[in-house]
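Undergrad: I'd like to ask some things about the structure below.
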2 protein chains.
Amino acid sequence: MKKNVIVGQSGGPTAVINASLYGVISEALAREDDFEKVYGMVNGVEGFLNGQIMDMGTLEKSGELELIRTTPGSYLGSCRYKLPEDLEDKIYPELFEKFAEYGIAYFFYIGGNDSMDTVSKLSRYAKKTGSDIRFLGIPKTIDNDLVHTDHTPGFGSAAKYVASTVREIAVDASVYDNKKSVTIVEIMGRHAGWLAAASALARKFEGDNPMLIYLPETAFDPERFLNDVTAAMEKTSNLVVCISEGINDGNGKFICELSGDVGVDTFGHKMLTGSGKYLENLVKERLGVKVRSIELNVCQRCSSAMLSDTDLKEAAAAGAYGVKCALAGETGKMIAFHRVPGAEYQIEYITEDVSLICNQEKTVPAEWITGNGSDVGREFIEYALPLIRGRVEVPEKDGLPLFAYRKRHF
Amino acid sequence: MKKNVIVGQSGGPTAVINASLYGVISEALAREDDFEKVYGMVNGVEGFLNGQIMDMGTLEKSGELELIRTTPGSYLGSCRYKLPEDLEDKIYPELFEKFAEYGIAYFFYIGGNDSMDTVSKLSRYAKKTGSDIRFLGIPKTIDNDLVHTDHTPGFGSAAKYVASTVREIAVDASVYDNKKSVTIVEIMGRHAGWLAAASALARKFEGDNPMLIYLPETAFDPERFLNDVTAAMEKTSNLVVCISEGINDGNGKFICELSGDVGVDTFGHKMLTGSGKYLENLVKERLGVKVRSIELNVCQRCSSAMLSDTDLKEAAAAGAYGVKCALAGETGKMIAFHRVPGAEYQIEYITEDVSLICNQEKTVPAEWITGNGSDVGREFIEYALPLIRGRVEVPEKDGLPLFAYRKRHF
């Protein structure tokens with residue numbers, strides 16, 4: 001008897017998480033001999049528990065599937081839902097009964113750290129109870145912080161957005177180059193500075209802005225920062241500084257916490273805001289120079305204008321490869337990228353044990369951070385440049401990008 | 001004897017102010033019989049007074065001129081420098097001596113309201129003193145607030161950026177559509193709501209986000225706003241609201257002033273920040289719903305990723321047309337756009353008296369504002385849609401847009 005497939009998306013959106021969705025669905029639909037139905041869970045495991053599923057087969061016929069490929073955000077909707085640590089919890093049999101009800105034999109979950117935690121728990125529960133449902137994780141995160149993979153889908157496009165936006169901000173800042181100014185750009189990234197590091201790609205020539213870049217990997221010292229700014233202002237009238245939202249004192253205290261209260265999200269992560277604003281006020285007060293801070297908005301993670309073709313293709317290929325691996329009998333794995341050594345950029349798709357990936361964080365290597373913690377070196381540039389390459393022609397209508405969307409009912 | 005041309009840029013940057021610069025320079029350079037040298041003033045009239053000028057002829061030979069066409073920001077640098085009202089001021093003879101020194105017979109100034117004020121004063125001083133130097137203004141402003149012209153170069157690309165970014169923000173906001181949320185997007189525009197109105201173009205279908213749009217043209221009532229938000233939340237889980245930075249109580253008090261202090265810029269304009277933040281706190285406190293505010297950053301005015309081809313071509317054509325008009329003997333004029341009535345979008349380039357344009361502001365017509373001040377109607381959509389059309393292939397290198405830049409010396 002042919003079996004059914006289910007796929008879901010979880011965690012924050014990226015520009016290419018739908019490309020991975022496209023990869024899973026199109027590969028599964030192409031294998032009519034192996035699969036009967038391809039389902040999508042709406043709002044991840046949380047929605048699935050409430051019976052929110054949809055048949056993805058109709059999307060291909062309507063042409064919607066092709067449009068999904070270049071649509072940012074999570075077409076199926078997302079959730080931040082953590083399964084209990086205790087595999088004896090009654091939610092597990094409840095979930096597996098639902099899997100049985102829909103004839104699910106293959107489960108694909110596209111997400112980051114927390115989503116891989118879900119895949120790990122479900123596959124462990126399956127093993128424990130003798131279920132032969134196969135659970136595969138497809139990586140996605142703009143943070144690029146998953147271990148055991150060269151990089152993650154979503155990072156390349158986010159890095160391209162950050163680099164091009166910072167380049168444009170630097171152009172904007174230099175317009176009044178007869179007046180001194182400092183512009184501080186705050187970039188997403190709680191514990192890993194990959195995305196802020198990508199701002200280094202914005203430089204048009206050596207010594208160009210952003211002249212200073214601070215990551216969470218290095219302890220941030222406000223006095224050294226003020227010295228760095230003062231020294232840089234000797235070389236440029238209009239200084240652009242890039243920081244990760246998560247810059248901290250090296251003992252876990254975020255710089256933005258120096259100024260006010262912060263909340264905590266579902267996973268116990270501190271919710272950050274305002275490191276840039278804090279430094280803006282610091283520069284104003286201590287150096288008396290014209291200063292502004294800019295918080296890059298959510299388009300860091302969901303802009304279609306700066307899609308990297310490399311990223312888009314890899315995201316789709318990771319989804320398709322996941323289907324092949326599941327059919328070959330793999331479970332409890334995440335699709336990972338291995339960079340083949342050599343002058344030419346080349347990626348091999350592999351699988352890694354998902355339990356070794358979830359709840360870990362990969363940060364920028366200390367030896368890639370230069371300038372006494374105020375810059376990144378050549379190694380980072382060489383690592384990141386291939387990931388942002390290639391332009392994507394997103395379908396347009398009336399001068400605007402055309403996006404797929406799921407009909408909502410109220 | 002052949003005469004020289006000088007061109008400058010003034011006021012805030014746009015994505016296409018350099019396209020107008022390209023238009024002036026390439027048209028002037030092509031008319032070797034009419035002109036000797038084409039100069040650029042660095043940092044506008046203020047830089048010119050300090051002797052900062054450059055020869056633009058070399059740029060064409062190096063290929064840099066073509067790159068300038070699609071580079072956002074002001075290649076020549078800008079200034080915010082207001083000439084004295086009193087034409088007897090000693091700065092006028094000083095400026096005209098400098099014009100004589102460089103053999104300037106044609107002066108082109110690309111800018112908005114305040115720049116047209118400069119063109120008006122210089123042309124009136126020339127008339128008064130019998131000088132035959134011709135002064136022409138080339139319009140630019142993302143605010144679209146110049147009178148006697150259908151629209152201004154810079155608005156189309158900014159509108160396209162706003163519309164596509166708000167569309168992406170709405171995608172991002174809808175990812176957790178099982179949780180209620182409000183997203184408030186603050187868009188540039190002190191007194192004219194053209195750019196915030198452009199967020200209406202972001203809708204993918206009727207009734208889509210942004211469901212509420214507030215402009216400075218209508219008195220803003222916080223209580224009615226809260227009622228609007230409550231009503232809209234009945235129809236969507238994830239509401240996106242767009243506001244102009246300049247929303248006010250109808251008596252000149254900005255909404256952001258309800259919360260804190262504001263400064264004043266060189267021209268006596270109030271410097272705004274935080275209307276979005278103010279409303280975020282209001283919604284949190286009064287409605288208790290999850291809410292965030294996003295301030296669209298400076299890329300509203302200097303993004304190359306969302307260049308409108310229509311805007312780019314019109315900006316360059318306005319520059320070139322300015323050169324033709326000056327040669328034909330016009331002075332004290334601004335190049336303006338006349339929209340030819342008819343189903344097909346078509347623009348005629350005309351000239352208007354610059355003195356009737358400077359220090360005036362064109363706002364969104366009251367009859368285009370609908371929903372009791374919470375939306376814009378079909379008239380606006382029909383007006384704005386042609387202006388954002390067409391994709392521009394900006395030259396790329398290493399996956400990033402390639403920009404021209406002027407070498408700075410320190």
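Chain identifiers are assigned as A, B, and so on, following the order in which chains appear in the structure tokens; residues are numbered from 1 within each chain, and ligands are numbered from 1 in order of appearance.
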Could you tell me, as a ChimeraX atom specification, which residues of stretch 82-330 of chain B DSSP assigns to alpha helix (DSSP H) when given the backbone?
TA: /B:91-101,113-129,155-173,194-197,222-232,275-287,299-302,309-327
Undergrad: Please identify every residue of chain A that has at least one atom no more than 6 Å from any atom of chain B, counting only C-alpha atoms, and report them as a ChimeraX atom specification.
TA: /A:73-74,77-78,171-172,175-176,388-390,399
Undergrad: Mind pulling up the distance from atom CA of B:Cys242 to atom CA of B:Asp208?
TA: 12.7 Å
Undergrad: Using only C-alpha atoms, which protein or nucleic acid residues come within 9 Å of B:Phe380? Drop anything in the same chain fewer than 3 positions from it, and give the result as a list of chain:residue names.
TA: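 Listed by chain and then number, they are B:Trp194, B:Ala197, B:Ala198, B:Ala200, B:Val364, B:Trp368, B:Ile369, B:Val376, B:Gly377, B:Tyr383, B:Ala384, B:Leu385.
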Undergrad: Tell me which protein, DNA and RNA residues are within 12 Å of A:Glu367, counting only C-alpha atoms, leaving out same-chain ones fewer than 3 positions away, and put them as a list in words.
TA: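 In the requested format, the answer is Glu217, Thr218, Thr363, Val364, Thr370, Gly371, Asn372, Gly373, Asp375, Val376, Gly377, Arg378, Glu379 and Phe380 of chain A.
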Undergrad: Residues near A:Phe337, anyone? I mean within 7 Å using only C-alpha atoms, not counting same-chain ones fewer than 3 positions away, as a VMD selection string.
TA: chain A and resid 149 to 151 347 to 350
Undergrad: For the residues in the current selection, export N, CA and C atoms as an mmCIF file, in the first residue's frame.
TA:
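Just written: selection_16.cif:
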```cif
data_model
loop_
_atom_site.group_PDB
_atom_site.id
_atom_site.type_symbol
_atom_site.label_atom_id
_atom_site.label_comp_id
_atom_site.auth_asym_id
_atom_site.auth_seq_id
_atom_site.Cartn_x
_atom_site.Cartn_y
_atom_site.Cartn_z
ATOM 1 N N THR A 149 26.854 21.444 9.636
ATOM 2 C CA THR A 149 26.523 21.796 8.251
ATOM 3 C C THR A 149 27.335 23.044 7.892
ATOM 4 N N ASP A 150 27.827 23.109 6.644
ATOM 5 C CA ASP A 150 28.655 24.248 6.244
ATOM 6 C C ASP A 150 27.917 25.565 6.439
ATOM 7 N N HIS A 151 26.640 25.542 6.097
ATOM 8 C CA HIS A 151 25.787 26.723 6.292
ATOM 9 C C HIS A 151 24.348 26.266 6.220
ATOM 10 N N ILE A 347 28.876 22.161 -3.294
ATOM 11 C CA ILE A 347 28.219 21.615 -2.100
ATOM 12 C C ILE A 347 27.807 20.166 -2.343
ATOM 13 N N GLU A 348 28.021 19.313 -1.328
ATOM 14 C CA GLU A 348 27.471 17.955 -1.331
ATOM 15 C C GLU A 348 26.393 17.891 -0.261
ATOM 16 N N TYR A 349 25.294 17.257 -0.600
ATOM 17 C CA TYR A 349 24.226 17.093 0.382
ATOM 18 C C TYR A 349 24.459 15.797 1.137
ATOM 19 N N ILE A 350 24.418 15.888 2.453
ATOM 20 C CA ILE A 350 24.641 14.717 3.309
ATOM 21 C C ILE A 350 23.564 14.689 4.396
#
```
Undergrad: List the neighbours of B:Gly193 out to 6 Å using only C-alpha atoms; skip same-chain residues closer than 2 positions along the sequence, and give me the result as a ChimeraX atom specification.
TA: /B:189,195-197,215-216
Undergrad: Kindly save the residues from that selection, with C-alpha atoms included, as a PDB file, in the first residue's frame.
TA:
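Now in selection-v5.pdb:
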```pdb
ATOM      1  CA  GLY B 189       6.492  61.902   5.051  1.00  0.00           C
ATOM      2  CA  LEU B 195       4.586  57.589   0.378  1.00  0.00           C
ATOM      3  CA  ALA B 196       2.488  56.086   3.179  1.00  0.00           C
ATOM      4  CA  ALA B 197      -0.422  55.962   0.725  1.00  0.00           C
ATOM      5  CA  LEU B 215      -1.802  60.096   6.413  1.00  0.00           C
ATOM      6  CA  PRO B 216      -0.860  63.522   7.795  1.00  0.00           C
TER       7      PRO B 216
END
```
Undergrad: Which of these, A:Val394, A:Val16, A:Met116, A:Val182, has the shortest distance to A:Leu83 once you count only C-alpha atoms?
TA: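 So, comparing all the options, the nearest one is A:Met116.
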Undergrad: Could you find all residues in stretch 109-235 of chain A that DSSP calls strand (DSSP E) from the backbone, and write them as a count of residues only?
TA: 19
Undergrad: Which polymer residues have any atom within 7 Å of an atom of A:Thr183, counting only C-alpha atoms, with same-chain residues fewer than 5 positions away left out, as a PyMOL selection string?
TA: chain A and resi 239-241+291-293
Undergrad: Which residue, A:Ala30, A:Val283, A:Ala219, A:Ile110, has the smallest gap to A:Asn18 when you use only C-alpha atoms?
TA: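 Using only C-alpha atoms, A:Asn18 sits closest to A:Ile110.
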